[in-house]
Amino acid sequence: MARAGLFSLVLLTVALGAQALTPSHHLSLSDVERLQGVLSQPFTDLASAYYSIVGLSKLGAAVADENDACQFLKAHLDPMSVDSLFFAAEASQALSDCEIPVSNETRDILLAAVSEDSTVTQIFRAVSALSSLGLPLASQEVVSALVARIAKEDNVLAITTALQTATRLSQQAELGGILEEIEDLAARLDDLGGVYLQFEEGLEATALFVTAAYALSDHVETEPPLKEDQVIQLVNSVFSKKSWDSLSEAFSVACAAAALSENRFHVPVVVSTQGPATVSHSQPVLQLLVTNVLSNPMASASVLLESAQSVASKSVVLSQTPFTLRDGVFQLNFMASQPASGYYQFSVAVSGDSRLVANQVELKVKVSTEVAITNMDLSVVDKDQSIGTKTSRVDYPFKAKGSFTADSHQNFVMTFQLVDVNTGVELTPHQTFVRLHNQKTGQEVVFVAEPDSKNLYKFELDTAERKSEFDSMSGTYALHLIVGDATLENPILWNVADVVLKFLDEEAPTTIQAKTLYMPKPEIQHLFREPEKKPPTVVSNTFTALVLSPLLLLLILWVKLGANISNFSLTPSSVLFHVGHACMLGLMYVYWSHLNMFQTLQYLAIIGSLTFLAGNRMLAQKAVKRIASK
Amino acid sequence: MSNSVISVISRFLEEYKTKTSNKLKVVDAYLFYILLTGALQFLYCLLVGTFPFNSFLAGFISCVGAFILGVCLRIQVNPENKGDFLSISQERAFADFLLAHTVLHLVVINFIG
């Protein structure tokens, strides 16, 4: 069984090319305490007493006062109600030395509840009460009632309750059909991002399912059809919530935790480091805690480091080394193999029990060290190299005695090496900055010092080239060296020397504008578009009159020519035509003042068609008259 | 030189007064009126400026369009051109003139703003 499980895990890992899933959530010791606290609240009714007493017993704790609890159960018991009998019977089993009085009537009521007409919950409570009170029950009848009810109530909670009921029945009964429901229910779980597996009904349903599945699997001694990754995803779902809404939810989580820490098939193991996953010369030992989901240490396990691989160089530093167990903590002295500083990927395997799930763990361990600065040489070099360099050596943490002066003909050069204090190996930390700070103006310029191929750091300041960064401010600058890295235990800020820089074309010192950058800016007044300049009204009026004046001229000319309307025949069509035409011209004016194009076109269509018909008639008559008179 | 120009013009005017029928002279007077109106609008635009430009364009295009349509009417109505316009009677020409003017006025009023 375990081999098959291991083989499928290897296959899964190879197939996905990814690491095996490990629990991202479990109940830490403080979580367990909090859970116990929730379950230890004073009893309000028989149901809350049941949840508290049985929940605490699952966590391995006990109620504050067992006698009081027993008295409470007996006082609140209603011998006529199946639910009441269930709560009292189950709770009394969890307490030591608490007996619930049983009568024939009790037995009859409970047996009557086991039938196809009761709900699954009723059947479960009756069966549990019967078995807790030590009364006989017919397992086969129960099975047939359950199977009938499952067909009718096809929801997750009902089937889970049916699974729980089956754990109380005799092993000789036909439990195969009910056992198959575990697989069907598992198929209904929702996979969230490959990390969580839960029912859409919520946490309580998922936790109850886990409890029931493992209880039934233990009872019939058959491994549950859950893959290892699914088990871990269920662990993540059930233990991701650290504060519980109701007593029943807390109870379900307690039951699930107990089921996952003590069952015959799958026991998820949680491997974590005690403290940060860092080793150094002062702390050479890596300490691991190996626990189950309830944070109880697994003393029977043995932990083996399969390989420790450097992330940077991909070389394996250590392999197949066992951890030693001391005071419940697994320890390994990693510094003994003298690793270089940096990050290492640890592959750890936990063995010792064939039931362990997620026992291949990947950890990222940091090896940190201390850095020392050696061979710090400062010099001022002339650009044309004609004058010899004056190099002075400075030792950390002292400051150089004199100050260095560099003007536009010279370069200021700084070289140094960074070495690991313990091994003497040269280091290249992530942050090596050179900071120049002008004390008078508060200006600060930061440069990066880069290592060459021999890991020798060199910083060169060309005053002429860099004057824009300094705003050409001459003066005394304090030079600091900043060294830092994630794997360094002693980051360094060292005032190395004072440097006097002289720039050409020095502008008048401008006050630093940095502060005003984030102040409110001057408000912009919006200028609306100015209306265009119009000519004075007099001019417009004059020209209007002027433009209309040719009309007068036209009328005069027409009169002179003798144009007249003497030929105007007063036929209806000609009257209609002229009226319609006048309307059309009027419509043009109305269009300009009131209407839009669509309305105008509508009116125009009506008037135009009338005018057209009338005009057609009129012109035809005119034509006839003209031809007749020729 | 100027003599011949003056004599040509005076001859032209003489011929015009005598040869052209009254009907055509009526149309010519109308065309002259349109011309004047357009010219005056253009003068205003030159002197005072193009604000509002769309109104100026509408007015000017109205004059230009009316002038063109008037010229078309005159050509079609002129008895000397009868050979070119066999299928188009005078009434038909006038109806076309009116229809085209309707469209022109619609566009002009739309554009005048």
# chains A, B, ... in the order shown; residues from 1 in each chain; ligands from 1
call {"tool": "interface_residues", "arguments": {"of": "chain B", "to": "chain A", "cutoff": "9 Å", "atoms": "only C-alpha atoms", "output": "mmCIF file with all heavy atoms, in the first residue's frame"}}
result
data_model
loop_
_atom_site.group_PDB
_atom_site.id
_atom_site.type_symbol
_atom_site.label_atom_id
_atom_site.label_comp_id
_atom_site.auth_asym_id
_atom_site.auth_seq_id
_atom_site.Cartn_x
_atom_site.Cartn_y
_atom_site.Cartn_z
ATOM 1 N N ASN B 22 -38.087 90.713 -74.328
ATOM 2 C CA ASN B 22 -38.374 91.254 -72.999
ATOM 3 C C ASN B 22 -38.224 90.203 -71.903
ATOM 4 O O ASN B 22 -37.717 90.464 -70.817
ATOM 5 C CB ASN B 22 -39.802 91.813 -72.972
ATOM 6 C CG ASN B 22 -39.779 93.281 -72.633
ATOM 7 O OD1 ASN B 22 -38.708 93.907 -72.616
ATOM 8 N ND2 ASN B 22 -40.924 93.855 -72.380
ATOM 9 N N LYS B 23 -38.660 89.030 -72.288
ATOM 10 C CA LYS B 23 -38.602 87.935 -71.295
ATOM 11 C C LYS B 23 -37.169 87.732 -70.830
ATOM 12 O O LYS B 23 -36.895 87.624 -69.631
ATOM 13 C CB LYS B 23 -39.141 86.659 -71.959
ATOM 14 C CG LYS B 23 -40.025 85.850 -71.035
ATOM 15 C CD LYS B 23 -40.197 84.448 -71.522
ATOM 16 C CE LYS B 23 -41.475 84.323 -72.300
ATOM 17 N NZ LYS B 23 -41.797 82.937 -72.644
ATOM 18 N N LYS B 25 -34.773 89.862 -71.002
ATOM 19 C CA LYS B 25 -34.289 91.028 -70.255
ATOM 20 C C LYS B 25 -34.716 90.971 -68.810
ATOM 21 O O LYS B 25 -33.978 91.386 -67.911
ATOM 22 C CB LYS B 25 -34.826 92.309 -70.906
ATOM 23 C CG LYS B 25 -34.058 92.728 -72.118
ATOM 24 C CD LYS B 25 -34.409 94.144 -72.513
ATOM 25 C CE LYS B 25 -33.825 94.453 -73.877
ATOM 26 N NZ LYS B 25 -34.639 95.421 -74.602
ATOM 27 N N VAL B 26 -35.924 90.420 -68.584
ATOM 28 C CA VAL B 26 -36.401 90.251 -67.202
ATOM 29 C C VAL B 26 -35.449 89.335 -66.440
ATOM 30 O O VAL B 26 -35.026 89.617 -65.312
ATOM 31 C CB VAL B 26 -37.849 89.689 -67.193
ATOM 32 C CG1 VAL B 26 -38.204 89.158 -65.824
ATOM 33 C CG2 VAL B 26 -38.833 90.749 -67.631
ATOM 34 N N ALA B 29 -32.196 91.055 -65.766
ATOM 35 C CA ALA B 29 -32.270 91.974 -64.627
ATOM 36 C C ALA B 29 -32.131 91.207 -63.317
ATOM 37 O O ALA B 29 -31.412 91.621 -62.392
ATOM 38 C CB ALA B 29 -33.609 92.729 -64.661
ATOM 39 N N TYR B 30 -32.813 90.065 -63.259
ATOM 40 C CA TYR B 30 -32.719 89.214 -62.054
ATOM 41 C C TYR B 30 -31.287 88.759 -61.821
ATOM 42 O O TYR B 30 -30.784 88.799 -60.696
ATOM 43 C CB TYR B 30 -33.675 88.028 -62.237
ATOM 44 C CG TYR B 30 -33.475 86.899 -61.270
ATOM 45 C CD1 TYR B 30 -33.860 87.021 -59.935
ATOM 46 C CD2 TYR B 30 -32.893 85.697 -61.685
ATOM 47 C CE1 TYR B 30 -33.676 85.991 -59.039
ATOM 48 C CE2 TYR B 30 -32.713 84.658 -60.789
ATOM 49 C CZ TYR B 30 -33.104 84.798 -59.483
ATOM 50 O OH TYR B 30 -32.917 83.778 -58.607
ATOM 51 N N PHE B 32 -28.587 90.250 -62.799
ATOM 52 C CA PHE B 32 -27.796 91.405 -62.391
ATOM 53 C C PHE B 32 -27.984 91.676 -60.902
ATOM 54 O O PHE B 32 -27.027 91.981 -60.182
ATOM 55 C CB PHE B 32 -28.215 92.621 -63.240
ATOM 56 C CG PHE B 32 -27.430 93.849 -62.920
ATOM 57 C CD1 PHE B 32 -26.050 93.894 -63.093
ATOM 58 C CD2 PHE B 32 -28.062 94.991 -62.421
ATOM 59 C CE1 PHE B 32 -25.331 95.023 -62.777
ATOM 60 C CE2 PHE B 32 -27.334 96.121 -62.121
ATOM 61 C CZ PHE B 32 -25.974 96.150 -62.301
ATOM 62 N N TYR B 33 -29.207 91.522 -60.438
ATOM 63 C CA TYR B 33 -29.503 91.734 -59.017
ATOM 64 C C TYR B 33 -28.740 90.739 -58.153
ATOM 65 O O TYR B 33 -28.136 91.090 -57.136
ATOM 66 C CB TYR B 33 -31.019 91.639 -58.805
ATOM 67 C CG TYR B 33 -31.431 91.116 -57.456
ATOM 68 C CD1 TYR B 33 -31.231 91.862 -56.307
ATOM 69 C CD2 TYR B 33 -32.024 89.854 -57.323
ATOM 70 C CE1 TYR B 33 -31.614 91.390 -55.062
ATOM 71 C CE2 TYR B 33 -32.412 89.375 -56.089
ATOM 72 C CZ TYR B 33 -32.202 90.140 -54.966
ATOM 73 O OH TYR B 33 -32.583 89.655 -53.741
ATOM 74 N N ILE B 34 -28.792 89.480 -58.596
ATOM 75 C CA ILE B 34 -28.067 88.437 -57.849
ATOM 76 C C ILE B 34 -26.578 88.761 -57.799
ATOM 77 O O ILE B 34 -25.918 88.636 -56.753
ATOM 78 C CB ILE B 34 -28.295 87.057 -58.505
ATOM 79 C CG1 ILE B 34 -29.751 86.612 -58.387
ATOM 80 C CG2 ILE B 34 -27.386 86.009 -57.879
ATOM 81 C CD1 ILE B 34 -30.174 86.167 -57.024
ATOM 82 N N LEU B 36 -25.069 91.644 -58.003
ATOM 83 C CA LEU B 36 -24.793 92.757 -57.094
ATOM 84 C C LEU B 36 -24.796 92.293 -55.640
ATOM 85 O O LEU B 36 -23.915 92.648 -54.844
ATOM 86 C CB LEU B 36 -25.869 93.840 -57.274
ATOM 87 C CG LEU B 36 -25.563 94.947 -58.273
ATOM 88 C CD1 LEU B 36 -26.649 96.017 -58.178
ATOM 89 C CD2 LEU B 36 -24.205 95.578 -58.014
ATOM 90 N N THR B 37 -25.815 91.506 -55.316
ATOM 91 C CA THR B 37 -25.926 91.041 -53.933
ATOM 92 C C THR B 37 -24.676 90.260 -53.526
ATOM 93 O O THR B 37 -24.106 90.480 -52.452
ATOM 94 C CB THR B 37 -27.177 90.146 -53.788
ATOM 95 O OG1 THR B 37 -28.286 90.787 -54.431
ATOM 96 C CG2 THR B 37 -27.501 89.886 -52.338
ATOM 97 N N GLY B 38 -24.258 89.348 -54.420
ATOM 98 C CA GLY B 38 -23.073 88.547 -54.114
ATOM 99 C C GLY B 38 -21.839 89.413 -53.947
ATOM 100 O O GLY B 38 -21.046 89.232 -53.015
ATOM 101 N N ALA B 39 -21.702 90.402 -54.860
ATOM 102 C CA ALA B 39 -20.530 91.270 -54.807
ATOM 103 C C ALA B 39 -20.496 92.064 -53.520
ATOM 104 O O ALA B 39 -19.441 92.228 -52.892
ATOM 105 C CB ALA B 39 -20.523 92.192 -56.024
ATOM 106 N N LEU B 40 -21.660 92.560 -53.104
ATOM 107 C CA LEU B 40 -21.705 93.344 -51.867
ATOM 108 C C LEU B 40 -21.337 92.480 -50.651
ATOM 109 O O LEU B 40 -20.619 92.909 -49.749
ATOM 110 C CB LEU B 40 -23.096 93.962 -51.697
ATOM 111 C CG LEU B 40 -23.340 95.201 -52.562
ATOM 112 C CD1 LEU B 40 -24.790 95.608 -52.526
ATOM 113 C CD2 LEU B 40 -22.463 96.362 -52.105
ATOM 114 N N GLN B 41 -21.812 91.234 -50.637
ATOM 115 C CA GLN B 41 -21.465 90.327 -49.529
ATOM 116 C C GLN B 41 -19.958 90.115 -49.477
ATOM 117 O O GLN B 41 -19.342 90.117 -48.410
ATOM 118 C CB GLN B 41 -22.160 88.972 -49.714
ATOM 119 C CG GLN B 41 -23.615 88.990 -49.359
ATOM 120 C CD GLN B 41 -24.210 87.594 -49.428
ATOM 121 O OE1 GLN B 41 -23.527 86.621 -49.742
ATOM 122 N NE2 GLN B 41 -25.474 87.489 -49.133
ATOM 123 N N TYR B 44 -18.222 93.120 -48.056
ATOM 124 C CA TYR B 44 -18.327 93.142 -46.586
ATOM 125 C C TYR B 44 -17.279 92.235 -45.967
ATOM 126 O O TYR B 44 -16.601 92.582 -45.005
ATOM 127 C CB TYR B 44 -19.730 92.703 -46.160
ATOM 128 C CG TYR B 44 -19.860 92.448 -44.672
ATOM 129 C CD1 TYR B 44 -20.108 93.494 -43.790
ATOM 130 C CD2 TYR B 44 -19.708 91.170 -44.141
ATOM 131 C CE1 TYR B 44 -20.214 93.269 -42.429
ATOM 132 C CE2 TYR B 44 -19.810 90.940 -42.778
ATOM 133 C CZ TYR B 44 -20.068 91.990 -41.926
ATOM 134 O OH TYR B 44 -20.161 91.764 -40.584
ATOM 135 N N VAL B 48 -14.700 93.828 -43.393
ATOM 136 C CA VAL B 48 -14.933 93.679 -41.949
ATOM 137 C C VAL B 48 -14.338 92.375 -41.393
ATOM 138 O O VAL B 48 -14.049 92.282 -40.218
ATOM 139 C CB VAL B 48 -16.448 93.738 -41.646
ATOM 140 C CG1 VAL B 48 -16.692 93.725 -40.162
ATOM 141 C CG2 VAL B 48 -17.061 94.982 -42.266
ATOM 142 N N GLY B 49 -14.172 91.369 -42.244
ATOM 143 C CA GLY B 49 -13.608 90.129 -41.700
ATOM 144 C C GLY B 49 -14.544 88.955 -41.894
ATOM 145 O O GLY B 49 -15.707 89.122 -42.253
ATOM 146 N N PHE B 51 -15.798 86.759 -39.828
ATOM 147 C CA PHE B 51 -16.646 86.184 -38.769
ATOM 148 C C PHE B 51 -18.097 86.500 -39.045
ATOM 149 O O PHE B 51 -18.422 87.652 -39.287
ATOM 150 C CB PHE B 51 -16.217 86.727 -37.409
ATOM 151 C CG PHE B 51 -17.070 86.195 -36.292
ATOM 152 C CD1 PHE B 51 -16.859 84.914 -35.811
ATOM 153 C CD2 PHE B 51 -18.107 86.940 -35.760
ATOM 154 C CE1 PHE B 51 -17.639 84.421 -34.795
ATOM 155 C CE2 PHE B 51 -18.884 86.450 -34.734
ATOM 156 C CZ PHE B 51 -18.648 85.184 -34.256
ATOM 157 N N PRO B 52 -19.077 85.702 -38.945
ATOM 158 C CA PRO B 52 -18.952 84.241 -38.869
ATOM 159 C C PRO B 52 -18.814 83.641 -40.255
ATOM 160 O O PRO B 52 -19.604 83.917 -41.131
ATOM 161 C CB PRO B 52 -20.268 83.813 -38.221
ATOM 162 C CG PRO B 52 -21.234 84.907 -38.527
ATOM 163 C CD PRO B 52 -20.462 86.127 -38.909
ATOM 164 N N SER B 89 -39.372 71.916 -72.639
ATOM 165 C CA SER B 89 -40.181 73.096 -72.913
ATOM 166 C C SER B 89 -39.854 74.193 -71.915
ATOM 167 O O SER B 89 -39.162 73.949 -70.925
ATOM 168 C CB SER B 89 -41.660 72.727 -72.820
ATOM 169 O OG SER B 89 -41.934 72.335 -71.475
ATOM 170 N N GLN B 90 -40.378 75.381 -72.162
ATOM 171 C CA GLN B 90 -40.096 76.509 -71.273
ATOM 172 C C GLN B 90 -40.615 76.244 -69.871
ATOM 173 O O GLN B 90 -39.973 76.574 -68.865
ATOM 174 C CB GLN B 90 -40.743 77.788 -71.831
ATOM 175 C CG GLN B 90 -40.147 78.201 -73.151
ATOM 176 C CD GLN B 90 -40.537 79.634 -73.487
ATOM 177 O OE1 GLN B 90 -41.391 80.240 -72.837
ATOM 178 N NE2 GLN B 90 -39.905 80.167 -74.533
ATOM 179 N N GLU B 91 -41.783 75.644 -69.841
ATOM 180 C CA GLU B 91 -42.375 75.360 -68.532
ATOM 181 C C GLU B 91 -41.514 74.353 -67.768
ATOM 182 O O GLU B 91 -41.327 74.461 -66.550
ATOM 183 C CB GLU B 91 -43.805 74.832 -68.698
ATOM 184 C CG GLU B 91 -44.822 75.899 -69.071
ATOM 185 C CD GLU B 91 -44.673 76.377 -70.500
ATOM 186 O OE1 GLU B 91 -44.161 75.586 -71.330
ATOM 187 O OE2 GLU B 91 -45.044 77.522 -70.777
ATOM 188 N N ARG B 92 -41.035 73.377 -68.535
ATOM 189 C CA ARG B 92 -40.191 72.360 -67.901
ATOM 190 C C ARG B 92 -38.936 73.005 -67.340
ATOM 191 O O ARG B 92 -38.491 72.689 -66.231
ATOM 192 C CB ARG B 92 -39.851 71.284 -68.951
ATOM 193 C CG ARG B 92 -38.840 70.263 -68.525
ATOM 194 C CD ARG B 92 -39.356 69.288 -67.477
ATOM 195 N NE ARG B 92 -38.236 68.587 -66.874
ATOM 196 C CZ ARG B 92 -37.648 67.536 -67.412
ATOM 197 N NH1 ARG B 92 -38.071 67.055 -68.576
ATOM 198 N NH2 ARG B 92 -36.627 66.981 -66.820
ATOM 199 N N PHE B 94 -38.579 76.057 -66.344
ATOM 200 C CA PHE B 94 -38.932 76.810 -65.157
ATOM 201 C C PHE B 94 -39.144 75.894 -63.961
ATOM 202 O O PHE B 94 -38.744 76.204 -62.830
ATOM 203 C CB PHE B 94 -40.184 77.650 -65.434
ATOM 204 C CG PHE B 94 -40.561 78.521 -64.286
ATOM 205 C CD1 PHE B 94 -39.719 79.530 -63.850
ATOM 206 C CD2 PHE B 94 -41.768 78.334 -63.608
ATOM 207 C CE1 PHE B 94 -40.064 80.331 -62.771
ATOM 208 C CE2 PHE B 94 -42.114 79.138 -62.538
ATOM 209 C CZ PHE B 94 -41.262 80.148 -62.116
ATOM 210 N N ALA B 95 -39.791 74.746 -64.195
ATOM 211 C CA ALA B 95 -40.006 73.789 -63.097
ATOM 212 C C ALA B 95 -38.666 73.286 -62.550
ATOM 213 O O ALA B 95 -38.475 73.183 -61.329
ATOM 214 C CB ALA B 95 -40.863 72.626 -63.589
ATOM 215 N N LEU B 99 -37.230 73.628 -58.714
ATOM 216 C CA LEU B 99 -36.801 72.463 -57.926
ATOM 217 C C LEU B 99 -35.366 72.640 -57.448
ATOM 218 O O LEU B 99 -35.040 72.422 -56.278
ATOM 219 C CB LEU B 99 -36.941 71.194 -58.783
ATOM 220 C CG LEU B 99 -36.518 69.915 -58.077
ATOM 221 C CD1 LEU B 99 -37.467 69.589 -56.944
ATOM 222 C CD2 LEU B 99 -36.457 68.750 -59.055
ATOM 223 N N THR B 102 -35.162 75.004 -54.678
ATOM 224 C CA THR B 102 -35.600 74.468 -53.381
ATOM 225 C C THR B 102 -34.438 73.782 -52.677
ATOM 226 O O THR B 102 -34.168 74.027 -51.488
ATOM 227 C CB THR B 102 -36.756 73.474 -53.593
ATOM 228 O OG1 THR B 102 -37.742 74.067 -54.432
ATOM 229 C CG2 THR B 102 -37.378 73.071 -52.281
ATOM 230 N N HIS B 105 -31.824 76.320 -51.496
ATOM 231 C CA HIS B 105 -32.227 77.066 -50.305
ATOM 232 C C HIS B 105 -32.156 76.203 -49.072
ATOM 233 O O HIS B 105 -31.766 76.658 -47.998
ATOM 234 C CB HIS B 105 -33.635 77.643 -50.494
ATOM 235 C CG HIS B 105 -33.639 78.847 -51.378
ATOM 236 N ND1 HIS B 105 -34.788 79.333 -51.963
ATOM 237 C CD2 HIS B 105 -32.637 79.642 -51.797
ATOM 238 C CE1 HIS B 105 -34.478 80.394 -52.689
ATOM 239 N NE2 HIS B 105 -33.174 80.593 -52.608
ATOM 240 N N LEU B 106 -32.532 74.938 -49.217
ATOM 241 C CA LEU B 106 -32.465 74.024 -48.068
ATOM 242 C C LEU B 106 -31.021 73.943 -47.555
ATOM 243 O O LEU B 106 -30.756 74.066 -46.343
ATOM 244 C CB LEU B 106 -32.951 72.632 -48.497
ATOM 245 C CG LEU B 106 -33.313 71.669 -47.374
ATOM 246 C CD1 LEU B 106 -34.517 72.167 -46.619
ATOM 247 C CD2 LEU B 106 -33.601 70.285 -47.949
ATOM 248 N N ILE B 109 -29.860 77.361 -45.997
ATOM 249 C CA ILE B 109 -30.428 77.629 -44.674
ATOM 250 C C ILE B 109 -29.788 76.718 -43.635
ATOM 251 O O ILE B 109 -29.534 77.115 -42.498
ATOM 252 C CB ILE B 109 -31.964 77.448 -44.702
ATOM 253 C CG1 ILE B 109 -32.604 78.489 -45.610
ATOM 254 C CG2 ILE B 109 -32.534 77.550 -43.292
ATOM 255 C CD1 ILE B 109 -32.529 79.900 -45.099
ATOM 256 N N ASN B 110 -29.478 75.509 -44.047
ATOM 257 C CA ASN B 110 -28.827 74.595 -43.108
ATOM 258 C C ASN B 110 -27.465 75.123 -42.710
ATOM 259 O O ASN B 110 -27.053 75.023 -41.558
ATOM 260 C CB ASN B 110 -28.696 73.217 -43.763
ATOM 261 C CG ASN B 110 -28.124 72.189 -42.802
ATOM 262 O OD1 ASN B 110 -28.394 72.235 -41.620
ATOM 263 N ND2 ASN B 110 -27.348 71.275 -43.310
ATOM 264 N N ILE B 112 -26.372 78.231 -42.839
ATOM 265 C CA ILE B 112 -26.245 79.615 -42.414
ATOM 266 C C ILE B 112 -26.086 79.713 -40.893
ATOM 267 O O ILE B 112 -25.571 80.690 -40.366
ATOM 268 C CB ILE B 112 -27.456 80.438 -42.922
ATOM 269 C CG1 ILE B 112 -27.037 81.898 -43.151
ATOM 270 C CG2 ILE B 112 -28.628 80.368 -41.949
ATOM 271 C CD1 ILE B 112 -28.031 82.657 -43.981
ATOM 272 N N GLY B 113 -26.545 78.696 -40.179
ATOM 273 C CA GLY B 113 -26.277 78.595 -38.745
ATOM 274 C C GLY B 113 -27.142 79.456 -37.836
ATOM 275 O O GLY B 113 -28.067 80.077 -38.242
#
call {"tool": "residues_around", "arguments": {"residues": "range 155-162 of chain A", "least_positions_apart": "4", "cutoff": "8 Å", "atoms": "only C-alpha atoms", "output": "CSV table (one decimal) with C-alpha atoms, in the first residue's frame"}}
result
chain,number,residue,atom,x,y,z
A,120,VAL,CA,-30.1,10.1,7.7
A,121,THR,CA,-29.3,12.4,10.6
A,124,PHE,CA,-27.2,8.3,12.6
A,146,LEU,CA,-29.2,4.1,4.9
A,150,ILE,CA,-28.9,8.1,0.5
A,166,ALA,CA,-21.6,2.9,9.1
A,178,ILE,CA,-21.6,2.8,1.6
A,181,GLU,CA,-19.7,6.7,-1.4
A,185,LEU,CA,-18.0,12.4,-2.5
A,201,GLU,CA,-21.0,23.7,1.4
A,205,ALA,CA,-18.8,19.8,5.6
A,208,LEU,CA,-16.9,16.2,8.7
A,209,PHE,CA,-16.1,14.4,5.5
A,212,ALA,CA,-16.1,10.2,8.4
A,213,ALA,CA,-13.9,8.9,5.6
call {"tool": "select_by_dssp", "arguments": {"residues": "range 185-325 of chain A", "states": "strand (DSSP E)", "output": "ChimeraX atom specification"}}
result
/A:190-192,196-198,267-268,270-273,278-279,285-291,302-310,316-322,324-325
call {"tool": "atom_distance", "arguments": {"atom1": "CA of Phe111 in chain B", "atom2": "CA of Thr611 in chain A"}}
result
24.5 Å
call {"tool": "atom_distance", "arguments": {"atom1": "CA of Lys401 in chain A", "atom2": "CA of Glu370 in chain A"}}
result
26.4 Å
call {"tool": "residues_around", "arguments": {"residues": "Ser574 in chain A", "least_positions_apart": "2", "cutoff": "7 Å", "atoms": "only C-alpha atoms", "output": "PyMOL selection string"}}
result
chain A and resi 570-572+576-578+614-615+618
call {"tool": "residues_around", "arguments": {"residues": "range 355-365 of chain A", "least_positions_apart": "3", "cutoff": "6 Å", "atoms": "only C-alpha atoms", "output": "list in words"}}
result
Thr22, Phe265, His266, Val267, Pro268, Ala277, Thr278, Tyr343, Tyr344, Gln345, Phe346, Ser347, Val348, Ala349 and Val350 of chain A
call {"tool": "residues_around", "arguments": {"residues": "Glu460 in chain A", "least_positions_apart": "4", "cutoff": "9 Å", "atoms": "only C-alpha atoms", "output": "list in words"}}
result
Asn411, Phe412, Val413, Met414, Thr415 and Ala449 of chain A
call {"tool": "select_by_dssp", "arguments": {"residues": "range 252-404 of chain A", "states": "alpha helix (DSSP H)", "output": "VMD selection string"}}
result
chain A and resid 252 to 261
call {"tool": "write_last_selection", "arguments": {"atoms": "N, CA, C and O atoms", "output": "PDB file, in the first residue's frame"}}
result
ATOM      1  N   SER A 252     -16.040  20.210  14.367  1.00  0.00           N
ATOM      2  CA  SER A 252     -15.705  19.449  13.157  1.00  0.00           C
ATOM      3  C   SER A 252     -14.206  19.524  12.878  1.00  0.00           C
ATOM      4  O   SER A 252     -13.590  18.542  12.462  1.00  0.00           O
ATOM      5  N   VAL A 253     -13.596  20.693  13.118  1.00  0.00           N
ATOM      6  CA  VAL A 253     -12.153  20.830  12.898  1.00  0.00           C
ATOM      7  C   VAL A 253     -11.385  19.958  13.879  1.00  0.00           C
ATOM      8  O   VAL A 253     -10.401  19.292  13.516  1.00  0.00           O
ATOM      9  N   ALA A 254     -11.839  19.922  15.132  1.00  0.00           N
ATOM     10  CA  ALA A 254     -11.162  19.083  16.131  1.00  0.00           C
ATOM     11  C   ALA A 254     -11.234  17.615  15.723  1.00  0.00           C
ATOM     12  O   ALA A 254     -10.249  16.869  15.819  1.00  0.00           O
ATOM     13  N   CYS A 255     -12.427  17.189  15.250  1.00  0.00           N
ATOM     14  CA  CYS A 255     -12.573  15.791  14.824  1.00  0.00           C
ATOM     15  C   CYS A 255     -11.663  15.494  13.644  1.00  0.00           C
ATOM     16  O   CYS A 255     -11.017  14.445  13.586  1.00  0.00           O
ATOM     17  N   ALA A 256     -11.596  16.420  12.687  1.00  0.00           N
ATOM     18  CA  ALA A 256     -10.761  16.194  11.505  1.00  0.00           C
ATOM     19  C   ALA A 256      -9.295  16.126  11.894  1.00  0.00           C
ATOM     20  O   ALA A 256      -8.540  15.291  11.390  1.00  0.00           O
ATOM     21  N   ALA A 257      -8.881  16.999  12.825  1.00  0.00           N
ATOM     22  CA  ALA A 257      -7.478  16.987  13.259  1.00  0.00           C
ATOM     23  C   ALA A 257      -7.141  15.666  13.917  1.00  0.00           C
ATOM     24  O   ALA A 257      -6.092  15.066  13.659  1.00  0.00           O
ATOM     25  N   ALA A 258      -8.062  15.184  14.774  1.00  0.00           N
ATOM     26  CA  ALA A 258      -7.817  13.900  15.424  1.00  0.00           C
ATOM     27  C   ALA A 258      -7.753  12.785  14.396  1.00  0.00           C
ATOM     28  O   ALA A 258      -6.884  11.909  14.457  1.00  0.00           O
ATOM     29  N   ALA A 259      -8.664  12.819  13.408  1.00  0.00           N
ATOM     30  CA  ALA A 259      -8.685  11.764  12.385  1.00  0.00           C
ATOM     31  C   ALA A 259      -7.386  11.759  11.593  1.00  0.00           C
ATOM     32  O   ALA A 259      -6.835  10.702  11.281  1.00  0.00           O
ATOM     33  N   LEU A 260      -6.866  12.962  11.258  1.00  0.00           N
ATOM     34  CA  LEU A 260      -5.673  13.012  10.415  1.00  0.00           C
ATOM     35  C   LEU A 260      -4.404  12.720  11.194  1.00  0.00           C
ATOM     36  O   LEU A 260      -3.365  12.435  10.597  1.00  0.00           O
ATOM     37  N   SER A 261      -4.457  12.821  12.527  1.00  0.00           N
ATOM     38  CA  SER A 261      -3.219  12.520  13.244  1.00  0.00           C
ATOM     39  C   SER A 261      -3.171  11.073  13.694  1.00  0.00           C
ATOM     40  O   SER A 261      -2.096  10.558  13.969  1.00  0.00           O
TER      41      SER A 261
END
